[in-house]
$ cat upload-v9.cif   # mmCIF, C-alpha atoms, pLDDT in the B column; chains and numbers go by the auth columns
data_model
#
loop_
_atom_site.group_PDB
_atom_site.id
_atom_site.type_symbol
_atom_site.label_atom_id
_atom_site.label_comp_id
_atom_site.label_asym_id
_atom_site.label_seq_id
_atom_site.Cartn_x
_atom_site.Cartn_y
_atom_site.Cartn_z
_atom_site.B_iso_or_equiv
_atom_site.auth_seq_id
_atom_site.auth_asym_id
ATOM 1 C CA MET A 1 -1.036 7.252 -19.454 65.00 233 J
ATOM 2 C CA THR A 2 -4.375 5.631 -18.631 77.00 234 J
ATOM 3 C CA PRO A 3 -5.714 5.281 -15.063 76.00 235 J
ATOM 4 C CA ASN A 4 -5.449 1.507 -15.455 83.00 236 J
ATOM 5 C CA ARG A 5 -1.706 1.703 -16.185 86.00 237 J
ATOM 6 C CA GLU A 6 -1.271 4.139 -13.309 88.00 238 J
ATOM 7 C CA ASP A 7 -2.980 1.730 -10.914 88.00 239 J
ATOM 8 C CA TYR A 8 -0.479 -0.987 -11.828 91.00 240 J
ATOM 9 C CA LEU A 9 2.489 1.306 -11.210 93.00 241 J
ATOM 10 C CA LYS A 10 1.084 2.499 -7.876 91.00 242 J
ATOM 11 C CA LEU A 11 0.483 -1.036 -6.637 90.00 243 J
ATOM 12 C CA ILE A 12 3.945 -2.202 -7.680 93.00 244 J
ATOM 13 C CA LEU A 13 5.404 0.705 -5.718 92.00 245 J
ATOM 14 C CA GLU A 14 3.202 0.054 -2.681 88.00 246 J
ATOM 15 C CA LEU A 15 4.403 -3.554 -2.670 87.00 247 J
ATOM 16 C CA GLY A 16 8.037 -2.404 -2.608 87.00 248 J
ATOM 17 C CA GLY A 17 8.764 -2.464 -6.339 88.00 249 J
ATOM 18 C CA GLU A 18 11.351 0.278 -6.094 87.00 250 J
ATOM 19 C CA GLN A 19 13.566 -2.069 -4.053 85.00 251 J
ATOM 20 C CA LYS A 20 12.649 -5.621 -5.079 88.00 252 J
ATOM 21 C CA GLN A 21 10.854 -7.697 -7.685 92.00 253 J
ATOM 22 C CA ILE A 22 7.082 -8.045 -7.356 93.00 254 J
ATOM 23 C CA SER A 23 5.460 -11.243 -8.582 91.00 255 J
ATOM 24 C CA ASN A 24 2.507 -11.474 -10.957 89.00 256 J
ATOM 25 C CA LYS A 25 0.631 -13.292 -8.209 88.00 257 J
ATOM 26 C CA GLN A 26 0.960 -10.287 -5.885 88.00 258 J
ATOM 27 C CA ILE A 27 -0.358 -7.958 -8.589 90.00 259 J
ATOM 28 C CA VAL A 28 -3.282 -10.280 -9.349 88.00 260 J
ATOM 29 C CA ALA A 29 -4.227 -10.271 -5.654 81.00 261 J
ATOM 30 C CA GLY A 30 -3.723 -6.540 -5.216 81.00 262 J
ATOM 31 C CA LEU A 31 -5.793 -5.426 -8.198 83.00 263 J
ATOM 32 C CA ASN A 32 -8.250 -8.337 -8.203 80.00 264 J
ATOM 33 C CA VAL A 33 -7.698 -8.993 -11.909 85.00 265 J
ATOM 34 C CA SER A 34 -6.907 -12.103 -13.938 89.00 266 J
ATOM 35 C CA ALA A 35 -3.415 -13.460 -14.426 88.00 267 J
ATOM 36 C CA ALA A 36 -3.828 -13.003 -18.184 91.00 268 J
ATOM 37 C CA SER A 37 -4.643 -9.312 -17.738 91.00 269 J
ATOM 38 C CA VAL A 38 -1.564 -8.832 -15.573 90.00 270 J
ATOM 39 C CA SER A 39 0.683 -10.536 -18.122 90.00 271 J
ATOM 40 C CA GLU A 40 -0.706 -8.363 -20.907 92.00 272 J
ATOM 41 C CA MET A 41 -0.224 -5.139 -18.938 92.00 273 J
ATOM 42 C CA ILE A 42 3.301 -6.084 -17.884 92.00 274 J
ATOM 43 C CA THR A 43 4.237 -6.489 -21.544 92.00 275 J
ATOM 44 C CA LYS A 44 2.926 -2.987 -22.261 93.00 276 J
ATOM 45 C CA LEU A 45 4.656 -1.400 -19.268 94.00 277 J
ATOM 46 C CA VAL A 46 7.979 -3.012 -20.172 94.00 278 J
ATOM 47 C CA LYS A 47 7.756 -1.644 -23.741 94.00 279 J
ATOM 48 C CA GLU A 48 7.026 1.814 -22.322 94.00 280 J
ATOM 49 C CA ASP A 49 10.052 1.569 -19.974 94.00 281 J
ATOM 50 C CA PHE A 50 8.052 1.868 -16.776 95.00 282 J
ATOM 51 C CA ILE A 51 9.140 -1.515 -15.394 95.00 283 J
ATOM 52 C CA HIS A 52 11.807 -4.187 -15.756 94.00 284 J
ATOM 53 C CA HIS A 53 10.611 -7.794 -15.994 93.00 285 J
ATOM 54 C CA VAL A 54 12.607 -10.889 -15.096 89.00 286 J
ATOM 55 C CA PRO A 55 10.769 -14.063 -16.202 86.00 287 J
ATOM 56 C CA TYR A 56 9.621 -16.282 -13.303 85.00 288 J
ATOM 57 C CA GLN A 57 10.852 -13.708 -10.761 89.00 289 J
ATOM 58 C CA GLY A 58 8.789 -10.547 -11.153 92.00 290 J
ATOM 59 C CA VAL A 59 8.821 -6.873 -12.036 94.00 291 J
ATOM 60 C CA GLN A 60 10.588 -3.836 -10.675 95.00 292 J
ATOM 61 C CA LEU A 61 10.044 -0.153 -11.411 95.00 293 J
ATOM 62 C CA THR A 62 12.437 1.750 -13.652 95.00 294 J
ATOM 63 C CA GLU A 63 13.396 5.288 -12.656 94.00 295 J
ATOM 64 C CA THR A 64 10.736 6.529 -15.074 95.00 296 J
ATOM 65 C CA GLY A 65 8.110 4.280 -13.509 94.00 297 J
ATOM 66 C CA LEU A 66 9.170 5.207 -9.987 94.00 298 J
ATOM 67 C CA THR A 67 8.955 8.930 -10.755 94.00 299 J
ATOM 68 C CA LEU A 68 5.439 8.656 -12.181 93.00 300 J
ATOM 69 C CA ALA A 69 4.179 6.305 -9.460 93.00 301 J
ATOM 70 C CA SER A 70 5.588 8.578 -6.739 94.00 302 J
ATOM 71 C CA SER A 71 3.741 11.592 -8.149 94.00 303 J
ATOM 72 C CA LEU A 72 0.473 9.652 -8.302 92.00 304 J
ATOM 73 C CA ILE A 73 0.836 8.261 -4.803 93.00 305 J
ATOM 74 C CA ARG A 74 1.657 11.712 -3.422 96.00 306 J
ATOM 75 C CA LYS A 75 -1.620 13.109 -4.801 95.00 307 J
ATOM 76 C CA HIS A 76 -3.614 10.055 -3.718 95.00 308 J
ATOM 77 C CA ARG A 77 -2.309 10.087 -0.151 96.00 309 J
ATOM 78 C CA LEU A 78 -2.727 13.831 0.287 97.00 310 J
ATOM 79 C CA TRP A 79 -6.396 13.495 -0.650 97.00 311 J
ATOM 80 C CA GLU A 80 -6.764 10.590 1.785 96.00 312 J
ATOM 81 C CA VAL A 81 -5.439 12.753 4.614 97.00 313 J
ATOM 82 C CA PHE A 82 -7.810 15.562 3.647 97.00 314 J
ATOM 83 C CA LEU A 83 -10.830 13.245 3.473 97.00 315 J
ATOM 84 C CA VAL A 84 -10.102 11.648 6.852 96.00 316 J
ATOM 85 C CA GLU A 85 -9.070 14.776 8.757 96.00 317 J
ATOM 86 C CA HIS A 86 -11.506 17.297 7.291 96.00 318 J
ATOM 87 C CA LEU A 87 -14.506 15.431 5.877 96.00 319 J
ATOM 88 C CA GLY A 88 -14.882 12.668 8.438 94.00 320 J
ATOM 89 C CA TYR A 89 -14.132 9.684 6.211 95.00 321 J
ATOM 90 C CA SER A 90 -12.895 6.467 7.827 93.00 322 J
ATOM 91 C CA TRP A 91 -9.646 4.903 6.595 91.00 323 J
ATOM 92 C CA ASN A 92 -11.523 2.191 4.682 91.00 324 J
ATOM 93 C CA ASP A 93 -13.783 4.664 2.846 91.00 325 J
ATOM 94 C CA VAL A 94 -11.235 7.029 1.309 92.00 326 J
ATOM 95 C CA HIS A 95 -9.622 4.922 -1.431 86.00 327 J
ATOM 96 C CA GLU A 96 -12.267 5.246 -4.150 87.00 328 J
ATOM 97 C CA GLU A 97 -12.660 8.995 -3.633 92.00 329 J
ATOM 98 C CA ALA A 98 -8.893 9.591 -3.623 93.00 330 J
ATOM 99 C CA GLU A 99 -8.563 7.370 -6.704 88.00 331 J
ATOM 100 C CA VAL A 100 -10.845 9.698 -8.655 90.00 332 J
ATOM 101 C CA LEU A 101 -9.289 12.896 -7.315 93.00 333 J
ATOM 102 C CA GLU A 102 -5.657 11.941 -7.949 90.00 334 J
ATOM 103 C CA HIS A 103 -6.171 11.612 -11.700 86.00 335 J
ATOM 104 C CA ILE A 104 -7.530 15.153 -12.031 89.00 336 J
ATOM 105 C CA THR A 105 -5.160 16.878 -9.589 93.00 337 J
ATOM 106 C CA SER A 106 -2.559 19.202 -11.073 94.00 338 J
ATOM 107 C CA SER A 107 0.863 19.721 -9.510 93.00 339 J
ATOM 108 C CA THR A 108 -0.245 23.188 -8.399 95.00 340 J
ATOM 109 C CA LEU A 109 -3.329 21.854 -6.652 96.00 341 J
ATOM 110 C CA ALA A 110 -1.314 19.082 -4.992 96.00 342 J
ATOM 111 C CA SER A 111 1.190 21.670 -3.730 96.00 343 J
ATOM 112 C CA ARG A 112 -1.554 23.861 -2.285 97.00 344 J
ATOM 113 C CA LEU A 113 -3.275 20.863 -0.718 97.00 345 J
ATOM 114 C CA ASP A 114 0.028 19.848 0.883 97.00 346 J
ATOM 115 C CA GLN A 115 0.444 23.359 2.328 97.00 347 J
ATOM 116 C CA TYR A 116 -3.139 23.404 3.610 97.00 348 J
ATOM 117 C CA LEU A 117 -2.571 20.098 5.401 97.00 349 J
ATOM 118 C CA ASN A 118 0.765 21.291 6.882 97.00 350 J
ATOM 119 C CA SER A 119 2.792 18.816 4.825 96.00 351 J
ATOM 120 C CA PRO A 120 1.710 15.506 6.371 97.00 352 J
ATOM 121 C CA LYS A 121 4.356 12.787 6.337 95.00 353 J
ATOM 122 C CA TYR A 122 2.056 9.751 6.292 95.00 354 J
ATOM 123 C CA CYS A 123 -1.337 8.778 4.902 95.00 355 J
ATOM 124 C CA PRO A 124 -4.080 7.114 7.012 95.00 356 J
ATOM 125 C CA HIS A 125 -2.729 3.684 5.991 95.00 357 J
ATOM 126 C CA GLY A 126 0.843 4.360 7.142 96.00 358 J
ATOM 127 C CA GLY A 127 2.370 5.079 3.727 94.00 359 J
ATOM 128 C CA MET A 128 4.855 7.935 3.371 94.00 360 J
ATOM 129 C CA ILE A 129 3.867 11.081 1.505 95.00 361 J
ATOM 130 C CA PRO A 130 6.853 12.378 -0.480 94.00 362 J
ATOM 131 C CA LYS A 131 7.613 16.038 -0.931 93.00 363 J
ATOM 132 C CA GLU A 132 6.966 17.556 -4.350 91.00 364 J
ATOM 133 C CA ASN A 133 9.240 16.030 -7.029 89.00 365 J
ATOM 134 C CA HIS A 134 10.624 13.523 -4.528 93.00 366 J
ATOM 135 C CA LEU A 135 10.350 9.755 -4.788 92.00 367 J
ATOM 136 C CA VAL A 136 8.439 7.386 -2.531 90.00 368 J
ATOM 137 C CA ARG A 137 10.987 5.491 -0.477 86.00 369 J
ATOM 138 C CA GLU A 138 9.054 3.440 2.038 87.00 370 J
ATOM 139 C CA LYS A 139 10.906 2.198 5.074 88.00 371 J
ATOM 140 C CA LYS A 140 12.009 -1.352 4.381 87.00 372 J
ATOM 141 C CA ARG A 141 9.679 -3.635 6.295 90.00 373 J
ATOM 142 C CA GLU A 142 8.634 -7.270 6.137 91.00 374 J
ATOM 143 C CA LEU A 143 5.076 -8.540 5.950 93.00 375 J
ATOM 144 C CA LEU A 144 3.251 -9.908 8.978 96.00 376 J
ATOM 145 C CA ALA A 145 3.176 -13.334 7.304 95.00 377 J
ATOM 146 C CA SER A 146 6.999 -13.406 7.313 94.00 378 J
ATOM 147 C CA TYR A 147 7.441 -13.665 11.076 97.00 379 J
ATOM 148 C CA PRO A 148 7.336 -16.752 13.357 96.00 380 J
ATOM 149 C CA VAL A 149 5.387 -17.416 16.538 97.00 381 J
ATOM 150 C CA HIS A 150 6.455 -15.317 19.564 96.00 382 J
ATOM 151 C CA SER A 151 7.586 -12.406 17.399 97.00 383 J
ATOM 152 C CA LYS A 152 6.612 -9.034 18.860 97.00 384 J
ATOM 153 C CA ILE A 153 5.451 -6.603 16.208 97.00 385 J
ATOM 154 C CA ARG A 154 3.842 -3.218 15.573 98.00 386 J
ATOM 155 C CA ILE A 155 1.320 -2.680 12.767 98.00 387 J
ATOM 156 C CA ALA A 156 3.121 -0.062 10.641 97.00 388 J
ATOM 157 C CA ARG A 157 1.508 0.089 7.191 96.00 389 J
ATOM 158 C CA VAL A 158 -1.222 -1.664 5.214 95.00 390 J
ATOM 159 C CA LEU A 159 -1.918 -1.761 1.496 90.00 391 J
ATOM 160 C CA ASP A 160 -4.537 0.694 0.320 87.00 392 J
ATOM 161 C CA GLU A 161 -7.139 -1.851 -0.813 86.00 393 J
ATOM 162 C CA ARG A 162 -10.833 -1.457 0.020 86.00 394 J
ATOM 163 C CA GLU A 163 -11.457 -5.162 0.638 89.00 395 J
ATOM 164 C CA LEU A 164 -8.455 -5.400 2.959 92.00 396 J
ATOM 165 C CA LEU A 165 -9.354 -2.234 4.859 93.00 397 J
ATOM 166 C CA ASP A 166 -12.964 -3.334 5.358 94.00 398 J
ATOM 167 C CA TYR A 167 -11.639 -6.618 6.700 96.00 399 J
ATOM 168 C CA LEU A 168 -9.259 -4.887 9.132 96.00 400 J
ATOM 169 C CA VAL A 169 -12.120 -2.736 10.425 95.00 401 J
ATOM 170 C CA MET A 170 -14.201 -5.889 10.917 96.00 402 J
ATOM 171 C CA ILE A 171 -11.491 -7.641 12.968 97.00 403 J
ATOM 172 C CA ASP A 172 -10.618 -4.405 14.827 96.00 404 J
ATOM 173 C CA LEU A 173 -6.975 -4.152 13.774 97.00 405 J
ATOM 174 C CA HIS A 174 -5.385 -0.690 13.605 96.00 406 J
ATOM 175 C CA LEU A 175 -2.117 1.052 12.814 96.00 407 J
ATOM 176 C CA ASP A 176 0.474 1.413 15.593 96.00 408 J
ATOM 177 C CA GLU A 177 -1.001 -1.380 17.694 97.00 409 J
ATOM 178 C CA GLU A 178 1.571 -3.738 19.217 98.00 410 J
ATOM 179 C CA TYR A 179 1.127 -7.489 19.448 98.00 411 J
ATOM 180 C CA GLU A 180 2.831 -10.805 19.972 97.00 412 J
ATOM 181 C CA ILE A 181 2.256 -13.504 17.366 98.00 413 J
ATOM 182 C CA THR A 182 0.844 -16.293 19.544 97.00 414 J
ATOM 183 C CA ASN A 183 -0.220 -18.838 16.929 97.00 415 J
ATOM 184 C CA ILE A 184 0.221 -19.568 13.233 97.00 416 J
ATOM 185 C CA SER A 185 -2.121 -22.189 11.825 96.00 417 J
ATOM 186 C CA PRO A 186 -0.621 -24.626 9.291 93.00 418 J
ATOM 187 C CA TYR A 187 -1.226 -24.666 5.531 92.00 419 J
ATOM 188 C CA GLU A 188 -1.455 -20.883 5.212 91.00 420 J
ATOM 189 C CA GLY A 189 -3.988 -20.685 8.007 94.00 421 J
ATOM 190 C CA PRO A 190 -4.767 -17.598 10.080 96.00 422 J
ATOM 191 C CA ILE A 191 -2.285 -15.844 12.359 98.00 423 J
ATOM 192 C CA THR A 192 -3.284 -15.019 15.924 98.00 424 J
ATOM 193 C CA LEU A 193 -2.077 -11.766 17.465 98.00 425 J
ATOM 194 C CA SER A 194 -2.410 -10.975 21.159 97.00 426 J
ATOM 195 C CA ASN A 195 -1.694 -8.113 23.530 96.00 427 J
ATOM 196 C CA GLU A 196 -2.863 -7.165 27.012 95.00 428 J
ATOM 197 C CA THR A 197 -6.258 -5.967 25.858 95.00 429 J
ATOM 198 C CA LYS A 198 -7.335 -8.132 22.933 95.00 430 J
ATOM 199 C CA LYS A 199 -6.730 -11.052 20.605 97.00 431 J
ATOM 200 C CA VAL A 200 -7.020 -10.696 16.830 97.00 432 J
ATOM 201 C CA VAL A 201 -7.089 -13.494 14.259 97.00 433 J
ATOM 202 C CA VAL A 202 -5.743 -12.362 10.875 97.00 434 J
ATOM 203 C CA SER A 203 -6.183 -14.343 7.672 96.00 435 J
ATOM 204 C CA TYR A 204 -3.039 -15.415 5.834 94.00 436 J
ATOM 205 C CA LYS A 205 -4.098 -13.380 2.800 91.00 437 J
ATOM 206 C CA ALA A 206 -4.430 -10.202 4.870 94.00 438 J
ATOM 207 C CA ALA A 207 -1.136 -10.921 6.641 95.00 439 J
ATOM 208 C CA ASN A 208 0.533 -10.665 3.227 91.00 440 J
ATOM 209 C CA SER A 209 -0.720 -7.084 2.879 91.00 441 J
ATOM 210 C CA ILE A 210 0.269 -5.824 6.339 95.00 442 J
ATOM 211 C CA PHE A 211 3.751 -4.415 6.930 95.00 443 J
ATOM 212 C CA VAL A 212 5.081 -4.510 10.474 97.00 444 J
ATOM 213 C CA ASP A 213 7.981 -3.288 12.588 97.00 445 J
ATOM 214 C CA ILE A 214 9.681 -5.835 14.786 96.00 446 J
ATOM 215 C CA LEU A 215 9.874 -4.839 18.464 95.00 447 J
#

$ encode --input "upload-v9.cif" --output "structure tokens"
Amino acid sequence: MTPNREDYLKLILELGGEQKQISNKQIVAGLNVSAASVSEMITKLVKEDFIHHVPYQGVQLTETGLTLASSLIRKHRLWEVFLVEHLGYSWNDVHEEAEVLEHITSSTLASRLDQYLNSPKYCPHGGMIPKENHLVREKKRELLASYPVHSKIRIARVLDERELLDYLVMIDLHLDEEYEITNISPYEGPITLSNETKKVVVSYKAANSIFVDIL
């Protein structure tokens, strides 16, 4: 299993691919690769029984794919917690380091890292960290872009993408903050969030990578 294949499986899982079908378009956006590259990799992953593919609908992880992706995400997220809590990294700086470390982390090292960190339940981006040999089962949530004006929401989880995280730092949006959606611009325009202390304008693209809880 190459790191490239592993990155596809991880992203599909992060997008909810254990519960629903994920479109090629979402994978293209998440990995910043061409549509042709995604189509080619999907063909390979289907042949290897890591995903199911329904034409014109999307892909979903098989049990084999879910098991592998869960193990990778566990290692990745444990390293993210370590880097943030013990080495002073910010949440938008940890992805590349954790990406390298996860691929060379044995099950024994991951277990010891988990013990050292007192078995954290969530990574800095709000994603769950499964126990050893358990599967990632994220709480079912909708994306920020799914909700209408006047919805009251809490920022619960964001995709672990460097470009997205840098953007969220720039606009000063953080996990666990609560807002009301006060405006949605037409034609996939930005979404305005407001609370008692600040107003944040979120691009439509970013709003499709932010999972929220409804209040």

$ resolve_selection --input "upload-v9.cif" --expression "the PyMOL selection byres ((chain J and resi 335) around 9)" --output "PyMOL selection string"
chain J and resi 235+304+307-308+330-334+336-338

$ atom_distance --input "upload-v9.cif" --atom1 "atom CA of Glu312 of chain J" --atom2 "atom CA of Tyr354 of chain J"
9.9 Å

$ closest_atom_pairs --input "upload-v9.cif" --of "segment 326-429 of chain J" --to "segment 262-278 of chain J" --cutoff "12 Å" --atoms "only C-alpha atoms" --output "JSON lines"
{"residue": "J:Val390", "atom": "CA", "partner": "J:Gly262", "partner_atom": "CA", "distance": 11.8}
{"residue": "J:Leu391", "atom": "CA", "partner": "J:Gly262", "partner_atom": "CA", "distance": 8.4}
{"residue": "J:Asp392", "atom": "CA", "partner": "J:Gly262", "partner_atom": "CA", "distance": 9.1}
{"residue": "J:Glu393", "atom": "CA", "partner": "J:Gly262", "partner_atom": "CA", "distance": 7.3}
{"residue": "J:Arg394", "atom": "CA", "partner": "J:Gly262", "partner_atom": "CA", "distance": 10.2}
{"residue": "J:Glu395", "atom": "CA", "partner": "J:Gly262", "partner_atom": "CA", "distance": 9.8}
{"residue": "J:Leu396", "atom": "CA", "partner": "J:Gly262", "partner_atom": "CA", "distance": 9.5}

$ resolve_selection --input "upload-v9.cif" --expression "the PyMOL selection byres ((chain J and resi 414) around 12)" --output "PDB file with C-alpha atoms, in the coordinates of the input"
ATOM      1  CA  TYR J 379       7.441 -13.665  11.076  1.00 97.00           C
ATOM      2  CA  PRO J 380       7.336 -16.752  13.357  1.00 96.00           C
ATOM      3  CA  VAL J 381       5.387 -17.416  16.538  1.00 97.00           C
ATOM      4  CA  HIS J 382       6.455 -15.317  19.564  1.00 96.00           C
ATOM      5  CA  SER J 383       7.586 -12.406  17.399  1.00 97.00           C
ATOM      6  CA  LYS J 384       6.612  -9.034  18.860  1.00 97.00           C
ATOM      7  CA  ILE J 385       5.451  -6.603  16.208  1.00 97.00           C
ATOM      8  CA  TYR J 411       1.127  -7.489  19.448  1.00 98.00           C
ATOM      9  CA  GLU J 412       2.831 -10.805  19.972  1.00 97.00           C
ATOM     10  CA  ILE J 413       2.256 -13.504  17.366  1.00 98.00           C
ATOM     11  CA  ASN J 415      -0.220 -18.838  16.929  1.00 97.00           C
ATOM     12  CA  ILE J 416       0.221 -19.568  13.233  1.00 97.00           C
ATOM     13  CA  SER J 417      -2.121 -22.189  11.825  1.00 96.00           C
ATOM     14  CA  PRO J 422      -4.767 -17.598  10.080  1.00 96.00           C
ATOM     15  CA  ILE J 423      -2.285 -15.844  12.359  1.00 98.00           C
ATOM     16  CA  THR J 424      -3.284 -15.019  15.924  1.00 98.00           C
ATOM     17  CA  LEU J 425      -2.077 -11.766  17.465  1.00 98.00           C
ATOM     18  CA  SER J 426      -2.410 -10.975  21.159  1.00 97.00           C
ATOM     19  CA  ASN J 427      -1.694  -8.113  23.530  1.00 96.00           C
ATOM     20  CA  LYS J 431      -6.730 -11.052  20.605  1.00 97.00           C
ATOM     21  CA  VAL J 432      -7.020 -10.696  16.830  1.00 97.00           C
ATOM     22  CA  VAL J 433      -7.089 -13.494  14.259  1.00 97.00           C
ATOM     23  CA  VAL J 434      -5.743 -12.362  10.875  1.00 97.00           C
TER      24      VAL J 434
END

$ resolve_selection --input "upload-v9.cif" --expression "the PyMOL selection byres ((chain J and resi 444) around 7)" --output "ChimeraX atom specification"
/J:373-376,385-389,442-443,445-446

$ atom_distance --input "upload-v9.cif" --atom1 "atom CA of Glu370 of chain J" --atom2 "atom CA of Leu397 of chain J"
19.5 Å

$ residues_around --input "upload-v9.cif" --residues "Glu295 of chain J" --least-positions-apart "3" --cutoff "8 Å" --atoms "all atoms listed in the file" --output "MDAnalysis selection string"
chainID J and resid 282 298:299

$ atom_distance --input "upload-v9.cif" --atom1 "atom CA of Leu349 of chain J" --atom2 "atom CA of Ile244 of chain J"
26.7 Å

$ closest_residue --input "upload-v9.cif" --among "J:Arg237, J:Lys279, J:His357, J:Gln289" --to "Asn256 of chain J" --atoms "all atoms listed in the file"
J:Gln289

$ residues_around --input "upload-v9.cif" --residues "Leu315 of chain J" --least-positions-apart "6" --cutoff "10 Å" --atoms "only C-alpha atoms" --output "JSON, numbers by chain"
{"J": [309, 321, 322, 323, 325, 326, 327, 329, 330, 356]}

$ write_last_selection --input "upload-v9.cif" --atoms "C-alpha atoms" --output "PDB file, in the coordinates of the input"
ATOM      1  CA  ARG J 309      -2.309  10.087  -0.151  1.00 96.00           C
ATOM      2  CA  TYR J 321     -14.132   9.684   6.211  1.00 95.00           C
ATOM      3  CA  SER J 322     -12.895   6.467   7.827  1.00 93.00           C
ATOM      4  CA  TRP J 323      -9.646   4.903   6.595  1.00 91.00           C
ATOM      5  CA  ASP J 325     -13.783   4.664   2.846  1.00 91.00           C
ATOM      6  CA  VAL J 326     -11.235   7.029   1.309  1.00 92.00           C
ATOM      7  CA  HIS J 327      -9.622   4.922  -1.431  1.00 86.00           C
ATOM      8  CA  GLU J 329     -12.660   8.995  -3.633  1.00 92.00           C
ATOM      9  CA  ALA J 330      -8.893   9.591  -3.623  1.00 93.00           C
ATOM     10  CA  PRO J 356      -4.080   7.114   7.012  1.00 95.00           C
TER      11      PRO J 356
END

$ closest_residue --input "upload-v9.cif" --among "J:Ala439, J:Val368, J:Leu345, J:Leu407" --to "Glu246 of chain J" --atoms "only C-alpha atoms"
J:Val368

$ closest_residue --input "upload-v9.cif" --among "J:Asn365, J:Met360, J:Ala342, J:Asn324" --to "Leu405 of chain J" --atoms "all atoms listed in the file"
J:Asn324

$ residues_around --input "upload-v9.cif" --residues "His284 of chain J" --least-positions-apart "5" --cutoff "7 Å" --atoms "all atoms listed in the file" --output "PyMOL selection string"
chain J and resi 278+291-294

$ residues_around --input "upload-v9.cif" --residues "Ile361 of chain J" --least-positions-apart "4" --cutoff "10 Å" --atoms "all atoms listed in the file" --output "list of chain:residue names"
J:Ser302, J:Ser303, J:Ile305, J:Arg306, J:Lys307, J:His308, J:Arg309, J:Leu310, J:Val313, J:Asp346, J:Ser351, J:Pro352, J:Lys353, J:Tyr354, J:Cys355, J:His366, J:Leu367, J:Val368, J:Arg369, J:Glu370

$ axis_aligned_box --input "upload-v9.cif" --around "segment 239-249 of chain J" --padding-each-side "4 Å" --output "JSON"
{"center_x": 2.9, "center_y": -0.5, "center_z": -7.2, "size_x": 19.7, "size_y": 14.1, "size_z": 17.2}
